[in-house]
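Just my_file-v2.txt here, compact mmCIF, C-alpha atoms:
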```
# COMPACT_ATOMS: atom_id res chain seq x y z
CA ALA J 1 65.92 -45.76 -34.05
CA LEU J 2 67.16 -48.94 -35.76
CA LEU J 3 70.75 -48.17 -34.80
CA ARG J 4 69.67 -47.58 -31.22
CA ARG J 5 67.81 -50.87 -31.15
CA THR J 6 70.84 -52.70 -32.54
CA ALA J 7 73.23 -51.02 -30.11
CA THR J 8 71.14 -51.07 -26.93
CA GLY J 9 68.27 -53.47 -27.47
CA GLU J 10 65.86 -50.61 -26.80
CA GLY J 11 63.41 -49.30 -29.36
CA GLU J 12 62.13 -45.77 -29.92
CA HIS J 13 58.78 -44.15 -30.42
CA VAL J 14 58.71 -42.50 -33.86
CA ASP J 15 56.07 -39.78 -34.22
CA VAL J 16 55.31 -38.66 -37.80
CA ALA J 17 52.19 -36.47 -37.91
CA MET J 18 50.19 -35.78 -41.05
CA LEU J 19 50.04 -32.10 -40.06
CA ASP J 20 53.83 -31.83 -39.95
CA ALA J 21 54.18 -33.53 -43.32
CA LEU J 22 51.60 -31.22 -44.90
CA LEU J 23 53.38 -28.14 -43.57
CA PHE J 24 56.28 -29.03 -45.85
CA GLN J 25 53.87 -28.83 -48.80
CA LEU J 26 53.58 -25.09 -48.15
CA ASP J 27 57.00 -24.87 -49.78
CA ASP J 28 58.38 -21.32 -49.50
CA TYR J 29 54.99 -19.58 -49.16
CA PRO J 30 55.52 -18.81 -45.44
CA LEU J 31 58.89 -17.22 -46.26
CA MET J 32 57.30 -15.16 -49.05
CA TYR J 33 54.59 -14.03 -46.66
CA GLN J 34 57.17 -13.17 -43.98
CA TYR J 35 59.37 -11.03 -46.25
CA GLN J 36 56.98 -9.71 -48.88
CA GLY J 37 53.60 -9.86 -47.20
CA LYS J 38 52.25 -11.71 -50.25
CA LEU J 39 49.63 -14.45 -50.16
CA PHE J 40 49.42 -16.76 -53.17
CA PRO J 41 45.98 -16.89 -54.78
CA ARG J 42 43.95 -20.07 -54.42
CA MET J 43 44.50 -22.23 -57.47
CA GLY J 44 41.48 -24.37 -58.18
CA ASN J 45 39.06 -26.70 -56.46
CA HIS J 46 38.42 -29.68 -58.57
CA TYR J 47 39.40 -33.31 -58.43
CA TYR J 48 38.47 -36.11 -60.80
CA THR J 49 35.43 -36.98 -58.68
CA GLY J 50 33.14 -34.68 -56.87
CA PRO J 51 32.48 -32.86 -54.83
CA ASN J 52 35.96 -31.93 -53.71
CA GLY J 53 36.47 -28.27 -53.27
CA TYR J 54 36.86 -24.95 -51.57
CA TYR J 55 33.65 -23.31 -50.44
CA GLU J 56 33.14 -19.85 -48.97
CA CYS J 57 31.38 -19.37 -45.65
CA LYS J 58 30.17 -16.26 -43.83
CA ASP J 59 33.51 -15.84 -42.07
CA GLY J 60 36.06 -17.80 -44.06
CA ALA J 61 36.21 -20.93 -46.16
CA ILE J 62 36.17 -24.69 -45.83
CA TYR J 63 37.29 -27.62 -47.96
CA ILE J 64 34.92 -30.53 -48.41
CA THR J 65 35.85 -33.86 -49.95
CA ALA J 66 32.94 -36.23 -50.39
CA SER J 67 33.97 -38.70 -53.09
CA GLY J 68 32.14 -42.00 -53.24
CA ASP J 69 28.44 -42.78 -53.13
CA ALA J 70 28.24 -43.08 -49.33
CA ARG J 71 29.95 -39.73 -48.72
CA TRP J 72 27.84 -38.09 -51.42
CA LYS J 73 24.65 -39.21 -49.67
CA GLN J 74 25.97 -37.99 -46.31
CA LEU J 75 26.79 -34.60 -47.85
CA CYS J 76 23.34 -34.31 -49.41
CA ASP J 77 21.74 -35.14 -46.05
CA MET J 78 23.97 -32.57 -44.33
CA ILE J 79 22.93 -29.74 -46.66
CA GLY J 80 19.28 -30.81 -46.59
CA ARG J 81 19.16 -31.94 -50.22
CA PRO J 82 18.45 -35.70 -50.18
CA ASP J 83 16.43 -35.12 -53.36
CA ILE J 84 19.58 -34.79 -55.51
CA VAL J 85 21.27 -38.04 -54.41
CA ALA J 86 19.86 -40.03 -57.30
CA ASN J 87 19.84 -37.19 -59.87
CA PRO J 88 21.41 -38.73 -63.04
CA GLN J 89 23.84 -35.80 -63.22
CA PHE J 90 25.17 -36.68 -59.76
CA ALA J 91 24.39 -40.39 -59.34
CA THR J 92 27.92 -41.79 -59.86
CA ASN J 93 31.49 -40.75 -59.18
CA ILE J 94 32.04 -40.21 -62.90
CA SER J 95 28.91 -38.13 -63.42
CA ARG J 96 29.69 -36.06 -60.34
CA GLY J 97 33.20 -35.48 -61.65
CA GLU J 98 31.76 -34.27 -64.94
CA ASN J 99 29.22 -32.01 -63.27
CA GLN J 100 31.17 -30.48 -60.41
CA ASP J 101 30.17 -26.94 -61.33
CA GLY J 102 26.52 -27.85 -60.69
CA ILE J 103 27.39 -29.49 -57.37
CA ASP J 104 29.54 -26.52 -56.40
CA GLN J 105 26.66 -24.11 -56.93
CA ILE J 106 24.40 -26.17 -54.67
CA VAL J 107 26.99 -26.66 -51.91
CA GLN J 108 28.25 -23.08 -52.15
CA SER J 109 24.76 -21.62 -51.74
CA TRP J 110 24.46 -23.67 -48.54
CA THR J 111 27.88 -22.86 -47.04
CA ARG J 112 27.56 -19.12 -47.70
CA GLN J 113 24.68 -19.02 -45.22
CA ARG J 114 26.80 -20.54 -42.42
CA THR J 115 29.96 -19.89 -40.47
CA VAL J 116 33.02 -22.12 -40.69
CA ASP J 117 32.33 -23.49 -37.21
CA GLU J 118 28.72 -24.30 -38.10
CA VAL J 119 29.81 -26.23 -41.18
CA LEU J 120 32.53 -28.09 -39.27
CA ARG J 121 30.08 -29.08 -36.53
CA LEU J 122 27.55 -30.41 -39.05
CA ALA J 123 30.29 -32.14 -41.06
CA GLU J 124 31.35 -34.02 -37.95
CA GLU J 125 27.75 -34.94 -37.19
CA PHE J 126 27.15 -36.27 -40.72
CA ASP J 127 30.67 -37.74 -41.12
CA VAL J 128 31.60 -35.61 -44.12
CA PRO J 129 35.38 -34.97 -44.42
CA THR J 130 35.73 -31.21 -44.05
CA SER J 131 38.42 -28.80 -42.91
CA ALA J 132 38.75 -25.09 -42.38
CA VAL J 133 40.94 -23.41 -45.01
CA LEU J 134 43.68 -21.47 -43.25
CA ASP J 135 45.81 -18.75 -44.80
CA ILE J 136 49.51 -18.51 -43.90
CA PRO J 137 49.05 -16.14 -40.92
CA ARG J 138 46.47 -18.50 -39.37
CA VAL J 139 48.70 -21.53 -40.01
CA LEU J 140 51.62 -19.80 -38.29
CA ALA J 141 49.38 -18.84 -35.35
CA ASP J 142 47.74 -22.27 -35.04
CA ARG J 143 48.28 -23.71 -31.54
CA GLN J 144 48.87 -27.24 -32.82
CA VAL J 145 51.44 -26.06 -35.38
CA GLN J 146 53.21 -24.13 -32.64
CA ALA J 147 53.05 -26.99 -30.14
CA ARG J 148 54.64 -29.35 -32.65
CA ARG J 149 57.23 -26.74 -33.68
CA GLY J 150 56.11 -26.84 -37.30
CA PHE J 151 58.21 -23.73 -37.91
CA VAL J 152 61.28 -22.44 -36.08
CA GLU J 153 63.14 -19.13 -36.26
CA LEU J 154 66.86 -19.41 -36.96
CA GLU J 155 69.45 -16.65 -37.10
CA HIS J 156 70.78 -16.10 -40.62
CA ALA J 157 74.06 -14.21 -41.10
CA LEU J 158 72.56 -11.71 -43.57
CA LEU J 159 68.80 -11.82 -43.07
CA GLY J 160 68.51 -12.01 -39.30
CA LYS J 161 65.71 -14.19 -37.91
CA VAL J 162 64.30 -16.39 -40.68
CA LEU J 163 61.40 -18.84 -40.55
CA TYR J 164 62.36 -22.45 -41.32
CA HIS J 165 60.40 -25.68 -41.22
CA GLY J 166 60.78 -27.43 -37.87
CA PRO J 167 61.82 -31.07 -37.52
CA LEU J 168 59.49 -33.43 -39.38
CA LEU J 169 60.33 -36.45 -37.23
CA LYS J 170 59.54 -36.36 -33.53
CA MET J 171 61.20 -39.23 -31.66
CA ASP J 172 61.52 -40.30 -28.06
CA PRO J 173 63.99 -40.38 -26.37
CA TRP J 174 66.03 -38.86 -29.22
CA GLU J 175 65.26 -35.18 -29.77
CA PRO J 176 66.08 -33.90 -33.28
CA GLN J 177 68.08 -30.70 -33.40
CA ASP J 178 67.02 -27.63 -35.33
CA SER J 179 68.61 -27.47 -38.74
CA LEU J 180 71.19 -24.80 -39.55
CA PRO J 181 70.20 -21.69 -41.52
CA ALA J 182 70.98 -21.69 -45.24
CA PRO J 183 74.76 -21.17 -45.61
CA LEU J 184 76.39 -18.24 -47.33
CA VAL J 185 78.21 -18.91 -50.59
CA GLY J 186 81.46 -20.70 -49.72
CA GLU J 187 80.77 -20.60 -45.97
CA HIS J 188 81.69 -24.26 -45.47
CA ASN J 189 84.48 -24.56 -48.04
CA GLY J 190 87.18 -24.77 -45.36
CA TYR J 191 85.31 -27.38 -43.35
CA VAL J 192 84.68 -29.58 -46.40
CA LEU J 193 88.15 -29.26 -47.92
CA ARG J 194 90.15 -29.42 -44.68
CA ASP J 195 88.11 -31.51 -42.22
CA LEU J 196 86.26 -33.87 -44.55
CA LEU J 197 88.67 -34.23 -47.48
CA GLY J 198 91.93 -33.76 -45.59
CA HIS J 199 93.53 -31.10 -47.81
CA SER J 200 96.32 -28.95 -46.41
CA GLU J 201 96.02 -25.17 -46.15
CA LYS J 202 98.43 -24.87 -49.08
CA GLU J 203 96.29 -27.17 -51.23
CA ILE J 204 93.18 -25.26 -50.24
CA GLN J 205 94.75 -21.94 -51.23
```
Same coordinates, now as C-alpha cells:
Amino acid sequence: ALLRRTATGEGEHVDVAMLDALLFQLDDYPLMYQYQGKLFPRMGNHYYTGPNGYYECKDGAIYITASGDARWKQLCDMIGRPDIVANPQFATNISRGENQDGIDQIVQSWTRQRTVDEVLRLAEEFDVPTSAVLDIPRVLADRQVQARRGFVELEHALLGKVLYHGPLLKMDPWEPQDSLPAPLVGEHNGYVLRDLLGHSEKEIQ
C-alpha cells in the first residue's frame, strides 16, 4: 500500500480482521482434524482475574470474560445473583482471581440451565463479553470464516487437496494471491540455484 501511494499518489484500504488473525492461532489443529479426525482437548479456563472461562450450556459451551468490577457486577446481574457482588471472596479483581473455582461453580450452574443462544442474548443485553465456543468443524463451516476465506484448499503434489490458512490481509484494490502448497524436499533447488543465484547447469550438478 505504501509503495502504491508513493508510485501513484493513491492509497489503499487495508482490512485486517480480528477473526482472521485468530484463525492463525489455531495452528495446525484444522489440518490434524482434516487428516486424523482428532480434536484437541480443551486446556484450561483460568486467567489471573476472574471470571474468565469456558462454561457448558445445554447445547454447547460459551466463554465469558468479565474482569473488572463493572463487568463483574454486570455478570452478577445477568445471572440473577446481585447478592454476591460485594462478597469479600469476590469483591476485587485479586480476590476473584484467587477464588475462580467458587465463581465457576456459580456461573456454571446458571449456564447449564440455558442454551448457547440464550446466554449470548442475555450477555448482549447486560454487556458481558461472551462468545460461543466453536470446535474445528463449526469453525470451518462458519459463514463468516468462509466469506473471508479464512481457509483455502490447495493442491499438494503428494497429499492432494490440503487445507491452508487463507490470506490474512485483505486489501483493495490489490487482491492477495493464495499461497503455494508446502514444497517437496528440493522442489525449488533449480529455481533458487539457477534463477536467483545465477549458477550454471554444470555448477548445479
Handout entry: Close residues, segment 90-93 of chain J itself excluded, 12 Å, all atoms listed in the file, min 2 positions apart in chain, as number ranges by chain
Key = J: 47-52, 66-73, 76, 82-88, 95-104, 106
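Remark: for Ala157 of chain J, the closest of the candidate residues J:Glu187, J:Glu175, J:Asp59, J:Asp142 is J:Glu187 (distances computed over all atoms listed in the file).
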Go through segment 42-153 of chain J and flag each residue having an atom no more than 10 Å from segment 22-34 of chain J; for those, report the closest pair of atoms plus their distance in Å to one decimal, using all atoms listed in the file, ordered by chain and rising number, as JSON lines.
```
{"residue": "J:Asp135", "atom": "CA", "partner": "J:Pro30", "partner_atom": "CA", "distance": 9.7}
{"residue": "J:Ile136", "atom": "CA", "partner": "J:Pro30", "partner_atom": "CA", "distance": 6.2}
{"residue": "J:Pro137", "atom": "CA", "partner": "J:Tyr33", "partner_atom": "CA", "distance": 8.3}
{"residue": "J:Val139", "atom": "CA", "partner": "J:Leu23", "partner_atom": "CA", "distance": 8.8}
{"residue": "J:Leu140", "atom": "CA", "partner": "J:Pro30", "partner_atom": "CA", "distance": 8.2}
{"residue": "J:Val145", "atom": "CA", "partner": "J:Leu23", "partner_atom": "CA", "distance": 8.7}
{"residue": "J:Gly150", "atom": "CA", "partner": "J:Leu23", "partner_atom": "CA", "distance": 7.0}
{"residue": "J:Phe151", "atom": "CA", "partner": "J:Leu23", "partner_atom": "CA", "distance": 8.6}
```
Completion exercise
Min atom-atom distance to Leu163 of chain J from the set J:Leu196, J:Ala182, J:Val107, J:Leu3, counting only C-alpha atoms, belongs to J:Ala182
Handout entry: Point (32.3, -15.0, -45.4), cut-off 10 Å, counting only C-alpha atoms, residues as a PyMOL selection string
Key = chain J and resi 55-61+111-116
Handout entry: For Asp20 of chain J, the nearest of the candidates J:Ser200, J:Gln146, J:Gln36, J:Ser109, counting all atoms listed in the file
Key = J:Gln146
Practice task
Could you please determine the separation between atom CA of Val152 of chain J and atom CA of Met171 of chain J in Å, to one decimal place?
Solution key: 17.4 Å
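Counting all atoms listed in the file, the residue from J:Ile94, J:Leu184, J:Arg148, J:Ile62 that sits nearest to Glu118 of chain J is J:Ile62.
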Practice task
One decimal, Å: what's the distance from atom CA of His13 of chain J over to atom CA of Asp172 of chain J, could you say?
Solution key: 5.3 Å
Exercise for the section: Please provide the set of residues having any atom within 10 Å of Ala123 of chain J, restricted to only C-alpha atoms, with same-chain residues fewer than 4 positions apart removed, written as JSON, numbers by chain. Expected result: {"J": [64, 74, 75, 78, 79, 117, 118, 119, 127, 128, 129, 130, 131]}
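Residue nearest Gln177 of chain J within the list J:Val133, J:Val192, J:Leu120, J:Leu154: J:Leu154 [criterion: smallest interatomic distance, all atoms listed in the file].
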Could you rebuild segment 178-196 of chain J with N, CA, C and O atoms and give me the result as a tab-separated table (two decimals), keeping the file's coordinate frame?
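Below you can see selection-v4.tsv, which holds the result:
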```tsv
chain	number	residue	atom	x	y	z
J	178	ASP	N	67.40	-28.55	-34.26
J	178	ASP	CA	67.02	-27.63	-35.33
J	178	ASP	C	68.09	-27.63	-36.41
J	178	ASP	O	69.28	-27.73	-36.12
J	179	SER	N	67.65	-27.53	-37.66
J	179	SER	CA	68.61	-27.47	-38.74
J	179	SER	C	69.35	-26.13	-38.71
J	179	SER	O	68.94	-25.20	-38.01
J	180	LEU	N	70.44	-26.05	-39.46
J	180	LEU	CA	71.19	-24.80	-39.55
J	180	LEU	C	70.53	-23.90	-40.59
J	180	LEU	O	69.88	-24.38	-41.52
J	181	PRO	N	70.72	-22.58	-40.47
J	181	PRO	CA	70.20	-21.69	-41.52
J	181	PRO	C	70.93	-21.94	-42.83
J	181	PRO	O	72.03	-22.50	-42.84
J	182	ALA	N	70.34	-21.52	-43.93
J	182	ALA	CA	70.98	-21.69	-45.24
J	182	ALA	C	72.36	-21.03	-45.22
J	182	ALA	O	72.50	-19.90	-44.76
J	183	PRO	N	73.41	-21.73	-45.69
J	183	PRO	CA	74.76	-21.17	-45.61
J	183	PRO	C	74.98	-20.07	-46.65
J	183	PRO	O	74.31	-20.02	-47.67
J	184	LEU	N	75.95	-19.22	-46.35
J	184	LEU	CA	76.39	-18.24	-47.33
J	184	LEU	C	77.22	-18.95	-48.39
J	184	LEU	O	77.72	-20.06	-48.18
J	185	VAL	N	77.40	-18.31	-49.53
J	185	VAL	CA	78.21	-18.91	-50.59
J	185	VAL	C	79.64	-19.13	-50.08
J	185	VAL	O	80.28	-18.20	-49.59
J	186	GLY	N	80.10	-20.36	-50.13
J	186	GLY	CA	81.46	-20.70	-49.72
J	186	GLY	C	81.67	-20.78	-48.22
J	186	GLY	O	82.81	-21.00	-47.76
J	187	GLU	N	80.62	-20.64	-47.43
J	187	GLU	CA	80.77	-20.60	-45.97
J	187	GLU	C	81.45	-21.85	-45.41
J	187	GLU	O	82.21	-21.78	-44.46
J	188	HIS	N	81.17	-23.00	-46.01
J	188	HIS	CA	81.69	-24.26	-45.47
J	188	HIS	C	82.83	-24.85	-46.30
J	188	HIS	O	83.20	-26.01	-46.14
J	189	ASN	N	83.39	-24.04	-47.20
J	189	ASN	CA	84.48	-24.56	-48.04
J	189	ASN	C	85.63	-25.11	-47.19
J	189	ASN	O	86.15	-26.20	-47.44
J	190	GLY	N	86.07	-24.34	-46.19
J	190	GLY	CA	87.18	-24.77	-45.36
J	190	GLY	C	86.89	-26.06	-44.64
J	190	GLY	O	87.71	-26.99	-44.62
J	191	TYR	N	85.70	-26.17	-44.07
J	191	TYR	CA	85.31	-27.38	-43.35
J	191	TYR	C	85.33	-28.60	-44.27
J	191	TYR	O	85.86	-29.66	-43.93
J	192	VAL	N	84.75	-28.44	-45.47
J	192	VAL	CA	84.68	-29.58	-46.40
J	192	VAL	C	86.08	-29.95	-46.89
J	192	VAL	O	86.47	-31.13	-46.85
J	193	LEU	N	86.84	-28.96	-47.34
J	193	LEU	CA	88.15	-29.26	-47.92
J	193	LEU	C	89.15	-29.73	-46.86
J	193	LEU	O	89.92	-30.67	-47.09
J	194	ARG	N	89.15	-29.09	-45.70
J	194	ARG	CA	90.15	-29.42	-44.68
J	194	ARG	C	89.70	-30.62	-43.84
J	194	ARG	O	90.39	-31.63	-43.74
J	195	ASP	N	88.51	-30.51	-43.21
J	195	ASP	CA	88.11	-31.51	-42.22
J	195	ASP	C	87.57	-32.79	-42.84
J	195	ASP	O	87.80	-33.88	-42.31
J	196	LEU	N	86.85	-32.67	-43.95
J	196	LEU	CA	86.26	-33.87	-44.55
J	196	LEU	C	87.18	-34.51	-45.58
J	196	LEU	O	87.26	-35.74	-45.65
```
